[in-house]
$ cat upload30.txt   # compact mmCIF, C-alpha atoms
# COMPACT_ATOMS: atom_id res chain seq x y z
CA MET B 1 72.85 -34.25 245.61
CA LEU B 2 74.74 -31.93 247.78
CA THR B 3 77.97 -33.80 247.21
CA THR B 4 77.31 -33.81 243.45
CA THR B 5 76.91 -30.07 243.39
CA PHE B 6 80.01 -29.74 245.50
CA LYS B 7 81.98 -31.87 243.07
CA ILE B 8 80.73 -29.95 240.04
CA GLY B 9 81.80 -26.77 241.81
CA ILE B 10 85.27 -28.22 242.35
CA VAL B 11 85.53 -29.09 238.64
CA ALA B 12 84.47 -25.57 237.75
CA ILE B 13 87.17 -24.14 240.01
CA ALA B 14 89.71 -26.47 238.39
CA GLY B 15 88.63 -25.20 234.97
CA LEU B 16 89.14 -21.63 236.07
CA ALA B 17 92.56 -22.50 237.44
CA ILE B 18 93.53 -24.02 234.07
CA ALA B 19 92.19 -20.96 232.25
CA ALA B 20 94.31 -18.75 234.46
CA CYS B 21 97.45 -20.80 233.80
CA GLU B 22 97.06 -21.29 230.06
CA THR B 23 97.68 -18.07 228.20
CA ARG B 24 95.50 -18.99 225.23
CA PRO B 25 91.75 -18.69 225.70
CA GLN B 26 90.05 -22.06 226.10
CA THR B 27 87.43 -21.45 223.47
CA SER B 28 86.72 -22.50 219.91
CA ASN B 29 88.85 -19.51 218.94
CA ALA B 30 91.87 -21.66 219.72
CA ILE B 31 90.88 -24.04 216.92
CA GLU B 32 90.18 -21.18 214.58
CA ASP B 33 93.56 -19.65 215.38
CA ALA B 34 95.23 -23.01 214.75
CA ARG B 35 93.41 -23.46 211.44
CA ALA B 36 94.47 -20.01 210.32
CA ALA B 37 98.08 -20.60 211.32
CA VAL B 38 98.27 -24.00 209.57
CA GLN B 39 96.57 -22.49 206.53
CA ALA B 40 99.09 -19.64 206.38
CA ALA B 41 102.04 -22.00 206.75
CA SER B 42 100.65 -24.33 204.06
CA SER B 43 100.26 -21.49 201.59
CA ASP B 44 103.95 -20.56 201.88
CA PRO B 45 105.88 -22.65 199.33
CA ASN B 46 109.10 -22.14 201.32
CA VAL B 47 107.53 -23.87 204.32
CA ALA B 48 106.55 -26.92 202.24
CA LYS B 49 110.06 -26.92 200.78
CA PHE B 50 112.19 -26.29 203.87
CA ALA B 51 110.04 -27.47 206.84
CA PRO B 52 107.81 -30.33 205.62
CA THR B 53 108.20 -32.30 208.87
CA GLU B 54 107.05 -29.44 211.08
CA LEU B 55 104.19 -28.65 208.72
CA ALA B 56 103.00 -32.26 208.79
CA ARG B 57 103.22 -32.23 212.60
CA ALA B 58 101.13 -29.04 212.75
CA ARG B 59 98.49 -30.62 210.50
CA ASN B 60 98.35 -33.76 212.66
CA LEU B 61 97.93 -31.71 215.80
CA LEU B 62 95.16 -29.72 214.15
CA THR B 63 93.43 -32.99 213.18
CA ASN B 64 93.72 -34.12 216.81
CA ALA B 65 92.26 -30.86 218.03
CA GLU B 66 89.36 -31.11 215.61
CA GLY B 67 88.73 -34.72 216.67
CA ASP B 68 88.74 -33.73 220.34
CA ALA B 69 86.45 -30.85 219.59
CA LYS B 70 83.97 -33.30 218.05
CA ASP B 71 84.25 -35.80 220.91
CA LYS B 72 84.63 -33.55 223.93
CA GLY B 73 83.63 -30.12 222.71
CA ALA B 74 85.56 -27.05 221.71
CA LYS B 75 85.99 -25.90 225.28
CA ASP B 76 87.64 -29.10 226.44
CA PRO B 77 91.17 -28.42 227.73
CA ASN B 78 92.61 -31.16 225.55
CA THR B 79 90.99 -29.65 222.47
CA ALA B 80 92.38 -26.23 223.27
CA ASN B 81 95.76 -27.75 224.05
CA TYR B 82 96.02 -29.56 220.70
CA ALA B 83 94.84 -26.43 218.94
CA TYR B 84 97.53 -24.40 220.65
CA LEU B 85 100.23 -26.97 219.87
CA ALA B 86 99.09 -27.03 216.21
CA MET B 87 99.26 -23.25 215.95
CA GLN B 88 102.72 -23.04 217.51
CA MET B 89 104.00 -25.89 215.33
CA ALA B 90 102.78 -24.02 212.24
CA HIS B 91 104.72 -20.96 213.43
CA ILE B 92 107.78 -23.12 214.09
CA ALA B 93 107.54 -24.46 210.53
CA GLU B 94 107.47 -20.91 209.24
CA GLN B 95 110.51 -19.92 211.29
CA HIS B 96 112.43 -22.96 210.06
CA ALA B 97 111.62 -21.99 206.48
CA ARG B 98 112.63 -18.39 207.17
CA GLU B 99 115.98 -19.53 208.55
CA GLN B 100 116.60 -21.82 205.56
CA VAL B 101 115.77 -19.05 203.09
CA ALA B 102 118.26 -16.81 204.88
CA ILE B 103 120.90 -19.56 204.79
CA GLN B 104 120.41 -19.88 201.03
CA ARG B 105 120.80 -16.14 200.62
CA VAL B 106 124.01 -16.09 202.65
CA LYS B 107 125.38 -18.90 200.47
CA ALA B 108 124.40 -17.02 197.32
CA GLY B 109 125.99 -13.87 198.74
CA GLU B 110 129.22 -15.71 199.48
CA ALA B 111 129.30 -17.00 195.90
CA GLU B 112 128.67 -13.47 194.67
CA ARG B 113 131.48 -12.16 196.83
CA GLN B 114 133.88 -14.72 195.36
CA LYS B 115 132.77 -13.72 191.88
CA ILE B 116 133.39 -10.03 192.56
CA LEU B 117 136.78 -10.71 194.14
CA LEU B 118 137.78 -12.90 191.23
CA ALA B 119 136.69 -10.28 188.70
CA ALA B 120 138.56 -7.59 190.65
CA ARG B 121 141.69 -9.71 190.76
CA GLU B 122 141.44 -10.38 187.04
CA ASN B 123 140.96 -6.68 186.41
CA GLU B 124 143.97 -5.81 188.51
CA ALA B 125 146.05 -8.43 186.79
CA ASN B 126 144.97 -7.13 183.40
CA SER B 127 145.73 -3.53 184.23
CA ALA B 128 149.07 -4.51 185.73
CA LEU B 129 149.82 -6.42 182.56
CA SER B 130 148.87 -3.49 180.34
CA GLN B 131 150.90 -1.15 182.52
CA ALA B 132 153.86 -3.47 182.19
CA ARG B 133 153.37 -3.52 178.43
CA GLN B 134 153.19 0.28 178.32
CA ALA B 135 156.35 0.52 180.39
CA GLN B 136 158.01 -1.92 178.04
CA VAL B 137 156.99 0.15 175.01
CA ALA B 138 158.21 3.33 176.70
CA ALA B 139 161.53 1.71 177.57
CA GLU B 140 161.87 0.52 174.00
CA GLN B 141 161.18 4.03 172.75
CA ALA B 142 163.69 5.57 175.13
CA ARG B 143 166.30 3.05 174.05
CA ASN B 144 165.63 3.81 170.39
CA GLU B 145 165.85 7.54 171.04
CA ALA B 146 169.10 7.12 172.91
CA GLN B 147 170.46 5.03 170.07
CA ASN B 148 169.34 7.62 167.53
CA ALA B 149 170.94 10.42 169.51
CA GLN B 150 174.12 8.42 169.83
CA SER B 151 174.27 7.60 166.15
CA GLU B 152 173.52 11.25 165.26
CA MET B 153 176.38 12.35 167.49
CA ALA B 154 178.63 9.72 166.00
CA ALA B 155 177.63 10.85 162.50
CA ALA B 156 178.37 14.49 163.38
CA GLN B 157 181.76 13.53 164.76
CA ALA B 158 182.50 11.40 161.72
CA GLU B 159 181.45 14.28 159.48
CA ALA B 160 183.76 16.70 161.31
CA GLN B 161 186.55 14.18 161.10
CA ARG B 162 185.90 13.67 157.41
CA LEU B 163 185.98 17.42 156.74
CA ALA B 164 189.17 17.74 158.74
CA ASN B 165 190.69 14.88 156.76
CA GLU B 166 189.76 16.52 153.50
CA LEU B 167 191.68 19.60 154.67
CA GLN B 168 194.69 17.71 155.89
CA ASN B 169 197.15 20.43 154.85
CA VAL B 170 195.32 23.15 156.73
CA LYS B 171 195.47 23.63 160.48
CA SER B 172 191.88 23.12 161.59
CA SER B 173 189.84 22.77 164.72
CA GLN B 174 186.18 22.09 165.42
CA THR B 175 184.48 24.85 167.41
CA SER B 176 180.95 25.77 168.35
CA ARG B 177 180.89 28.18 165.38
CA GLY B 178 181.90 25.46 162.97
CA LEU B 179 185.14 24.17 161.49
CA VAL B 180 187.90 26.81 161.84
CA LEU B 181 190.87 26.78 159.46
CA THR B 182 193.83 28.91 160.51
CA LEU B 183 196.19 30.36 157.90
CA ASN B 184 199.16 31.99 159.64
CA ASP B 185 201.36 34.74 158.50
CA VAL B 186 203.69 32.69 156.36
CA LEU B 187 201.08 33.46 153.68
CA PHE B 188 201.75 37.22 153.99
CA ASP B 189 204.85 39.38 154.11
CA THR B 190 205.12 41.70 157.10
CA GLY B 191 202.87 44.75 156.71
CA ARG B 192 201.54 43.39 153.39
CA ALA B 193 198.15 42.06 152.38
CA GLU B 194 199.23 40.23 149.20
CA LEU B 195 199.17 36.46 149.39
CA LYS B 196 202.53 34.82 148.86
CA PRO B 197 202.76 32.16 146.16
CA GLY B 198 203.15 29.49 148.87
CA ALA B 199 199.55 30.13 149.85
CA ARG B 200 198.26 28.82 146.55
CA ARG B 201 198.15 25.19 147.50
CA THR B 202 196.32 25.81 150.74
CA LEU B 203 193.78 28.04 148.98
CA ASP B 204 193.30 25.45 146.22
CA GLU B 205 192.48 22.91 148.86
CA ILE B 206 189.98 25.21 150.56
CA ALA B 207 188.32 26.11 147.25
CA GLN B 208 188.07 22.47 146.29
CA PHE B 209 186.50 21.73 149.63
CA LEU B 210 183.91 24.50 149.11
CA ASN B 211 183.19 23.20 145.63
CA GLU B 212 182.47 19.81 147.02
CA HIS B 213 180.26 21.25 149.76
CA PRO B 214 178.08 23.88 148.04
CA ASP B 215 175.75 24.02 151.09
CA ARG B 216 178.43 25.60 153.31
CA ARG B 217 179.34 29.23 153.72
CA VAL B 218 182.69 30.59 154.86
CA GLN B 219 183.68 33.64 156.84
CA VAL B 220 187.23 34.89 156.40
CA GLU B 221 188.53 36.72 159.48
CA GLY B 222 191.83 38.69 159.48
CA PHE B 223 193.94 39.42 162.60
CA THR B 224 197.22 41.21 163.35
CA ASP B 225 199.60 41.33 166.30
CA SER B 226 199.64 44.32 168.65
CA GLN B 227 202.52 46.12 166.92
CA GLY B 228 201.46 49.37 165.23
CA ALA B 229 198.42 51.61 165.41
CA ASP B 230 194.99 50.09 165.95
CA GLY B 231 193.50 51.69 162.83
CA TYR B 232 196.38 50.50 160.68
CA ASN B 233 196.14 47.01 162.10
CA GLN B 234 192.40 46.90 161.54
CA GLU B 235 192.79 48.01 157.94
CA LEU B 236 195.62 45.52 157.38
CA SER B 237 193.59 42.65 158.85
CA GLN B 238 190.62 43.57 156.64
CA LYS B 239 192.88 43.66 153.57
CA ARG B 240 194.33 40.27 154.38
CA ALA B 241 190.86 38.83 154.87
CA ASP B 242 189.74 40.40 151.59
CA ALA B 243 192.80 38.95 149.81
CA VAL B 244 191.96 35.45 150.99
CA ALA B 245 188.24 35.90 150.14
CA THR B 246 189.18 37.17 146.65
CA ALA B 247 191.54 34.22 146.14
CA ILE B 248 188.68 31.87 147.05
CA THR B 249 186.15 33.50 144.70
CA GLN B 250 188.77 33.52 141.97
CA ARG B 251 188.80 29.75 142.31
CA GLY B 252 185.15 29.56 141.30
CA ILE B 253 183.34 29.97 144.61
CA ASP B 254 180.25 32.21 144.63
CA ALA B 255 181.07 35.51 146.38
CA GLN B 256 177.69 35.21 148.15
CA ARG B 257 179.11 32.34 150.16
CA VAL B 258 182.23 34.22 151.26
CA ARG B 259 182.39 37.05 153.77
CA ALA B 260 185.57 38.85 154.86
CA LEU B 261 186.05 40.63 158.22
CA GLY B 262 189.06 42.42 159.75
CA TYR B 263 189.41 42.31 163.52
CA GLY B 264 192.82 44.03 163.84
CA GLU B 265 194.63 43.06 166.99
CA GLU B 266 191.42 41.83 168.64
CA PHE B 267 191.03 38.21 169.73
CA PRO B 268 194.73 37.36 170.03
CA VAL B 269 195.58 33.69 170.36
CA ALA B 270 198.95 34.40 172.01
CA SER B 271 200.54 37.02 174.28
CA ASN B 272 202.22 39.46 171.77
CA ALA B 273 205.17 39.58 174.25
CA ASP B 274 207.66 37.98 171.88
CA ALA B 275 208.15 37.50 168.18
CA GLY B 276 206.91 33.90 168.22
CA SER B 277 203.66 34.81 169.94
CA ARG B 278 203.13 37.80 167.69
CA GLN B 279 203.54 35.55 164.67
CA LEU B 280 200.72 33.32 166.00
CA ASN B 281 198.50 36.37 166.29
CA ARG B 282 199.11 37.47 162.67
CA ARG B 283 196.70 35.16 161.01
CA VAL B 284 193.64 34.64 158.88
CA GLU B 285 190.96 32.22 160.04
CA ILE B 286 188.39 30.72 157.76
CA ILE B 287 185.25 29.54 159.53
CA VAL B 288 183.35 26.90 157.61
CA GLY B 289 179.70 27.04 158.62
CA ASN B 290 177.59 24.03 159.36
CA GLN B 291 175.38 22.78 156.55
CA ASN B 292 172.93 25.48 155.38
CA GLU B 293 173.51 27.54 158.50
CA PRO B 294 174.75 31.11 158.88
CA ILE B 295 177.94 31.59 160.85
CA PRO B 296 177.50 33.05 164.33
CA GLU B 297 179.37 36.29 165.17
CA ARG B 298 182.49 36.22 167.28
CA THR B 299 181.54 36.92 170.89
CA GLY B 300 184.64 36.39 173.02
CA ARG B 301 188.35 35.99 173.13
CA ASP B 302 188.09 32.36 174.00
CA VAL B 303 186.74 31.55 170.55
CA PRO B 304 188.15 29.55 168.94
CA MET X 1 75.92 -36.28 236.25
CA ILE X 2 78.96 -37.32 238.17
CA THR X 3 81.63 -38.89 236.00
CA LEU X 4 84.51 -40.96 237.24
CA ASN X 5 86.80 -38.22 236.02
CA GLY X 6 84.91 -35.61 237.92
CA ILE X 7 85.21 -37.61 241.11
CA ARG X 8 88.92 -38.02 240.60
CA ASN X 9 89.33 -34.33 239.94
CA GLY X 10 87.50 -33.56 243.09
CA VAL X 11 89.59 -35.97 245.06
CA CYS X 12 92.77 -34.53 243.65
CA PHE X 13 91.80 -31.00 244.51
CA SER X 14 90.97 -32.17 247.97
CA VAL X 15 94.52 -33.47 248.11
CA ALA X 16 95.76 -30.11 246.91
CA PHE X 17 93.98 -28.45 249.77
CA GLY X 18 95.59 -30.95 252.11
CA ILE X 19 92.38 -32.64 253.19
CA ILE X 20 93.02 -36.30 252.34
CA ALA X 21 95.73 -38.42 250.71
CA CYS X 22 95.37 -39.40 247.04
CA ALA X 23 97.00 -42.09 244.87
CA SER X 24 96.59 -40.44 241.42
CA ALA X 25 98.45 -40.75 238.05
CA PRO X 26 102.25 -40.26 238.12
CA PRO X 27 103.64 -36.83 237.15
CA PRO X 28 104.57 -36.33 233.43
CA VAL X 29 108.30 -36.54 234.11
CA GLU X 30 109.22 -37.17 230.48
CA LYS X 31 107.23 -34.22 229.15
CA LEU X 32 108.75 -31.95 231.80
CA THR X 33 112.24 -33.10 230.83
CA ILE X 34 111.55 -32.52 227.14
CA ALA X 35 110.27 -29.02 227.88
CA LYS X 36 113.34 -28.23 230.01
CA THR X 37 115.65 -29.47 227.28
CA SER X 38 113.86 -27.39 224.65
CA ILE X 39 114.16 -24.29 226.84
CA GLU X 40 117.88 -24.91 227.28
CA ARG X 41 118.28 -25.28 223.52
CA ALA X 42 116.38 -22.05 222.93
CA ASP X 43 118.55 -20.31 225.50
CA GLN X 44 121.70 -21.52 223.77
CA ALA X 45 120.28 -20.29 220.45
CA ARG X 46 120.19 -16.80 222.09
CA ALA X 47 116.40 -16.75 222.23
CA GLY X 48 116.73 -14.54 225.33
CA GLN X 49 117.94 -11.84 222.96
CA PHE X 50 116.09 -12.64 219.74
CA ALA X 51 112.79 -14.17 220.94
CA PRO X 52 112.40 -13.12 224.59
CA VAL X 53 108.56 -13.18 224.58
CA GLU X 54 108.39 -16.78 223.36
CA LEU X 55 111.18 -17.91 225.70
CA ASN X 56 109.60 -16.26 228.77
CA GLN X 57 106.28 -17.83 227.89
CA ALA X 58 107.93 -21.25 227.69
CA ARG X 59 109.54 -20.76 231.09
CA ALA X 60 106.30 -19.55 232.67
CA LYS X 61 104.50 -22.62 231.36
CA LEU X 62 107.23 -24.96 232.60
CA THR X 63 106.84 -23.38 236.04
CA ALA X 64 103.07 -23.81 235.78
CA ALA X 65 103.54 -27.44 234.75
CA GLN X 66 105.79 -28.10 237.74
CA THR X 67 103.36 -26.36 240.09
CA ALA X 68 100.49 -28.44 238.69
CA ALA X 69 102.55 -31.62 239.12
CA ASP X 70 103.29 -30.64 242.70
CA LYS X 71 99.58 -30.21 243.21
CA HIS X 72 99.00 -33.61 241.60
CA ASP X 73 97.11 -32.20 238.61
CA GLN X 74 99.08 -34.31 236.18
CA GLU X 75 96.82 -33.64 233.18
CA LEU X 76 97.33 -29.92 233.51
CA ALA X 77 101.02 -30.52 234.15
CA ALA X 78 101.26 -32.55 230.93
CA ARG X 79 99.47 -29.90 228.86
CA MET X 80 101.58 -27.11 230.30
CA ALA X 81 104.77 -29.12 229.64
CA ASP X 82 103.71 -29.74 226.03
CA GLN X 83 102.98 -26.06 225.55
CA ALA X 84 106.24 -25.05 227.21
CA ASP X 85 108.00 -27.37 224.75
CA VAL X 86 106.45 -25.86 221.60
CA ASP X 87 106.89 -22.33 222.95
CA ALA X 88 110.57 -23.07 223.50
CA GLN X 89 110.87 -24.58 220.02
CA LEU X 90 109.27 -21.50 218.54
CA ALA X 91 111.63 -19.29 220.57
CA GLU X 92 114.61 -21.24 219.27
CA SER X 93 113.54 -21.30 215.62
CA THR X 94 112.63 -17.59 215.72
CA ALA X 95 116.00 -16.72 217.24
CA ARG X 96 117.82 -18.79 214.62
CA ALA X 97 115.84 -17.24 211.78
CA LYS X 98 116.48 -13.70 213.03
CA GLN X 99 120.20 -14.28 213.46
CA GLN X 100 120.44 -15.83 210.02
CA GLU X 101 118.62 -12.84 208.57
CA GLN X 102 121.07 -10.59 210.35
CA LEU X 103 123.85 -12.44 208.53
CA VAL X 104 122.01 -11.79 205.26
CA THR X 105 121.87 -8.08 206.05
CA GLU X 106 125.57 -8.02 206.88
CA MET X 107 126.39 -9.97 203.74
CA ASP X 108 124.37 -7.57 201.59
CA ALA X 109 126.13 -4.59 203.17
CA SER X 110 129.57 -6.08 202.66
CA LEU X 111 128.73 -6.97 199.05
CA ARG X 112 127.63 -3.38 198.49
CA ASP X 113 130.89 -2.09 199.97
CA LEU X 114 132.87 -4.56 197.91
CA ARG X 115 131.14 -3.50 194.69
CA ASP X 116 131.64 0.19 195.51
CA GLU X 117 135.29 -0.38 196.26
CA THR X 118 135.77 -2.38 193.08
CA LEU X 119 134.07 0.33 191.06
CA ARG X 120 136.18 3.03 192.67
CA ARG X 121 139.42 1.15 192.11
CA ASN X 122 138.63 0.19 188.57
CA SER X 123 135.99 2.20 186.71
CA SER X 124 136.01 -0.37 183.91
CA GLY X 125 135.27 -3.14 186.39
CA ALA X 126 132.00 -4.63 187.59
CA GLY X 127 128.66 -3.15 186.60
CA PRO X 128 126.46 -1.00 188.83
CA SER X 129 125.86 -2.41 192.27
CA ALA X 130 122.72 -4.43 192.78
CA PRO X 131 119.68 -2.72 194.28
CA GLN X 132 119.37 -2.92 198.04
CA PRO X 133 117.85 -6.32 198.81
CA GLN X 134 114.55 -6.39 200.63
CA THR X 135 114.26 -8.15 203.93
CA PRO X 136 112.35 -11.40 203.51
CA PRO X 137 108.73 -11.44 204.67
CA GLN X 138 108.21 -11.98 208.36
CA GLN X 139 106.04 -14.78 209.59
$ encode --input "upload30.txt" --output "structure tokens"
Amino acid sequence: MLTTTFKIGIVAIAGLAIAACETRPQTSNAIEDARAAVQAASSDPNVAKFAPTELARARNLLTNAEGDAKDKGAKDPNTANYAYLAMQMAHIAEQHAREQVAIQRVKAGEAERQKILLAARENEANSALSQARQAQVAAEQARNEAQNAQSEMAAAQAEAQRLANELQNVKSSQTSRGLVLTLNDVLFDTGRAELKPGARRTLDEIAQFLNEHPDRRVQVEGFTDSQGADGYNQELSQKRADAVATAITQRGIDAQRVRALGYGEEFPVASNADAGSRQLNRRVEIIVGNQNEPIPERTGRDVP
Amino acid sequence: MITLNGIRNGVCFSVAFGIIACASAPPPVEKLTIAKTSIERADQARAGQFAPVELNQARAKLTAAQTAADKHDQELAARMADQADVDAQLAESTARAKQQEQLVTEMDASLRDLRDETLRRNSSGAGPSAPQPQTPPQQ
């Protein structure tokens, strides 16, 4: 009996040693823990879906533990061991499922990223396309405007040329004030303001031109050379301008459209140093205004 | 009552204390190898970083299993090896799950940035960014 007691004591010591080594308590709690863990894993649909093998293994281990508990008791080391293995396997099943769920989400995220990138690229392409279209429209507009400006300029030049052609017997030049017709002193005797008969043809031409262009006004400007007193020259230039203006109105042009101004020896076109130059300065200029526009005043010697 | 098992246990412990020689069951070499392999796998899956408690527990049990085998308690050695194996498997699967969830978090953040950037670059682009995703339930 002594040896029996001794041996039972040894077994008890062995049990304690096992209890010290195994971290889980060697009680029926181990089975309860395992049941709870397997239950929790079973109730998670993701576990059944993604970790069926591990879940089945956990259930088998739990069945083993329960069988051992019946045969050998809940405190048997084998019972506790199976219970522990069942519990851990249930947790492993859950972790497998958790990993698989995360993998699915990463895949879905990658698909989403591709979708966003594609949409962004399409958006960029669309906006680039619409920008290109806008640029095209703008270029078209600019080209049209340039063409319009060019054709307007061409029309203005053609018009000036046409007017000049109509007045082919009159010396004319296009200036910023309008078309300028110069009648020089062969129309007047020296010191006189009466038009000579030779002027008739030129004046007929001018009157006819004004008849054909009722939307244009004229300004008649008289000039002399530098010989003689300023006051006399101014008066003479005014008289000459008046004579031309009167001749024009006598040919049926409304006096409202004709203005006469005497500038005396102002605004010479030549030096006055010799007879030839002085003759150039004795002149009457007729400025034909642009359509429906008043004629700007003379501002400098360089005009025309 | 003295069972055959009890006698053998007693004999084995006598061996452990160096009293007499004992010809008992062979050590659970296969189970020990499996446990070692599982621990290595867990280690490679970076369980040391993501599931250190589980991994340490597996290692402690492997040590206990080897100690028990050295002391000729092969039943205890086998149980400890089995437990070390499942602990290591849990360490590995936990580490994998956590790292995968980290990828999810990074993916969500980068999607959010991408949506914001797309919105900023093109106000007529994608709709409002999705609500911040919740982290999946832990075990």
$ residues_near_point --input "upload30.txt" --point "(94.7, -30.2, 227.8)" --cutoff "8 Å" --atoms "only C-alpha atoms" --output "list in words"
Asp76, Pro77, Asn78, Thr79, Ala80, Asn81 and Tyr82 of chain B; Glu75, Leu76, Ala78, Arg79 and Met80 of chain X
$ residues_around --input "upload30.txt" --residues "stretch 86-93 of chain X" --least-positions-apart "5" --cutoff "7 Å" --atoms "all atoms listed in the file" --output "PyMOL selection string"
(chain B and resi 85+88-89+91-92+95-96) or (chain X and resi 38-39+41-42+45+47+51+54-55+57-58)
$ residues_around --input "upload30.txt" --residues "X:Thr33" --least-positions-apart "4" --cutoff "10 Å" --atoms "only C-alpha atoms" --output "ChimeraX atom specification"
/X:28-29,37-39,62,81,85
$ interface_residues --input "upload30.txt" --of "chain X" --to "chain B" --cutoff "6 Å" --atoms "all atoms listed in the file" --output "ChimeraX atom specification"
/X:10,90,93-94,97,100-101,104
$ atom_distance --input "upload30.txt" --atom1 "atom CA of B:Arg143" --atom2 "atom CA of B:Gln157"
20.9 Å
$ residues_around --input "upload30.txt" --residues "B:Asp33" --least-positions-apart "4" --cutoff "9 Å" --atoms "all atoms listed in the file" --output "list in words"
Ser28, Asn29, Ala37, Val38, Ala83, Tyr84 and Met87 of chain B
$ residues_around --input "upload30.txt" --residues "stretch 68-72 of chain X" --least-positions-apart "2" --cutoff "6 Å" --atoms "only C-alpha atoms" --output "PyMOL selection string"
chain X and resi 16+27+65-66+74+77
$ closest_atom_pairs --input "upload30.txt" --of "stretch 211-235 of chain B" --to "stretch 259-276 of chain B" --cutoff "7 Å" --atoms "all atoms listed in the file" --output "Markdown table"
| residue | atom | partner | partner_atom | distance |
| --- | --- | --- | --- | --- |
| B:Val218 | CA | B:Arg259 | CA | 6.6 |
| B:Gln219 | CA | B:Arg259 | CA | 4.8 |
| B:Val220 | CA | B:Ala260 | CA | 4.6 |
| B:Glu221 | CA | B:Leu261 | CA | 4.8 |
| B:Gly222 | CA | B:Gly262 | CA | 4.7 |
| B:Phe223 | CA | B:Gly264 | CA | 4.9 |
| B:Thr224 | CA | B:Glu265 | CA | 4.8 |
| B:Asp225 | CA | B:Glu265 | CA | 5.3 |
| B:Ser226 | CA | B:Glu265 | CA | 5.4 |
| B:Asp230 | CA | B:Gly264 | CA | 6.8 |
| B:Asn233 | CA | B:Gly264 | CA | 4.8 |
| B:Gln234 | CA | B:Gly264 | CA | 3.7 |
| B:Glu235 | CA | B:Gly262 | CA | 7.0 |
$ closest_residue --input "upload30.txt" --among "B:Asn46, B:Gln174, B:Gln141, B:Ser237" --to "B:Ala158" --atoms "only C-alpha atoms"
B:Gln174
$ residues_around --input "upload30.txt" --residues "B:Val288" --least-positions-apart "6" --cutoff "8 Å" --atoms "all atoms listed in the file" --output "PyMOL selection string"
chain B and resi 178-181+216-219+295
$ residues_near_point --input "upload30.txt" --point "(198.1, 30.6, 153.6)" --cutoff "6 Å" --atoms "only C-alpha atoms" --output "PyMOL selection string"
chain B and resi 183+187+199+202
$ atom_distance --input "upload30.txt" --atom1 "atom CA of B:Val170" --atom2 "atom CA of B:Leu210"
13.8 Å
$ atom_distance --input "upload30.txt" --atom1 "atom CA of B:Asp242" --atom2 "atom CA of B:Glu194"
9.8 Å
$ decode --input "upload30.txt" --residues "stretch 60-72 of chain X" --atoms "N, CA and C atoms" --output "PDB file, in the first residue's frame"
ATOM      1  N   ALA X  60       7.261  28.849 -26.760  1.00  0.00           N
ATOM      2  CA  ALA X  60       7.366  28.364 -25.380  1.00  0.00           C
ATOM      3  C   ALA X  60       6.880  26.917 -25.295  1.00  0.00           C
ATOM      4  N   LYS X  61       5.814  26.608 -26.028  1.00  0.00           N
ATOM      5  CA  LYS X  61       5.271  25.251 -25.973  1.00  0.00           C
ATOM      6  C   LYS X  61       6.185  24.258 -26.688  1.00  0.00           C
ATOM      7  N   LEU X  62       6.834  24.711 -27.773  1.00  0.00           N
ATOM      8  CA  LEU X  62       7.783  23.829 -28.442  1.00  0.00           C
ATOM      9  C   LEU X  62       8.939  23.496 -27.488  1.00  0.00           C
ATOM     10  N   THR X  63       9.405  24.522 -26.777  1.00  0.00           N
ATOM     11  CA  THR X  63      10.471  24.293 -25.790  1.00  0.00           C
ATOM     12  C   THR X  63      10.001  23.308 -24.722  1.00  0.00           C
ATOM     13  N   ALA X  64       8.745  23.514 -24.258  1.00  0.00           N
ATOM     14  CA  ALA X  64       8.199  22.614 -23.244  1.00  0.00           C
ATOM     15  C   ALA X  64       8.097  21.182 -23.784  1.00  0.00           C
ATOM     16  N   ALA X  65       7.699  21.081 -25.060  1.00  0.00           N
ATOM     17  CA  ALA X  65       7.575  19.750 -25.666  1.00  0.00           C
ATOM     18  C   ALA X  65       8.935  19.067 -25.716  1.00  0.00           C
ATOM     19  N   GLN X  66       9.971  19.839 -26.114  1.00  0.00           N
ATOM     20  CA  GLN X  66      11.306  19.253 -26.202  1.00  0.00           C
ATOM     21  C   GLN X  66      11.823  18.842 -24.811  1.00  0.00           C
ATOM     22  N   THR X  67      11.562  19.710 -23.830  1.00  0.00           N
ATOM     23  CA  THR X  67      11.964  19.396 -22.460  1.00  0.00           C
ATOM     24  C   THR X  67      11.288  18.107 -21.986  1.00  0.00           C
ATOM     25  N   ALA X  68       9.960  18.022 -22.269  1.00  0.00           N
ATOM     26  CA  ALA X  68       9.220  16.822 -21.859  1.00  0.00           C
ATOM     27  C   ALA X  68       9.767  15.580 -22.548  1.00  0.00           C
ATOM     28  N   ALA X  69      10.122  15.726 -23.839  1.00  0.00           N
ATOM     29  CA  ALA X  69      10.682  14.590 -24.581  1.00  0.00           C
ATOM     30  C   ALA X  69      12.017  14.184 -23.967  1.00  0.00           C
ATOM     31  N   ASP X  70      12.807  15.181 -23.598  1.00  0.00           N
ATOM     32  CA  ASP X  70      14.097  14.887 -22.977  1.00  0.00           C
ATOM     33  C   ASP X  70      13.897  14.130 -21.659  1.00  0.00           C
ATOM     34  N   LYS X  71      12.788  14.479 -21.005  1.00  0.00           N
ATOM     35  CA  LYS X  71      12.520  13.824 -19.725  1.00  0.00           C
ATOM     36  C   LYS X  71      11.679  12.574 -19.913  1.00  0.00           C
ATOM     37  N   HIS X  72      11.534  12.161 -21.180  1.00  0.00           N
ATOM     38  CA  HIS X  72      10.831  10.927 -21.534  1.00  0.00           C
ATOM     39  C   HIS X  72       9.357  10.951 -21.202  1.00  0.00           C
TER      40      HIS X  72
END
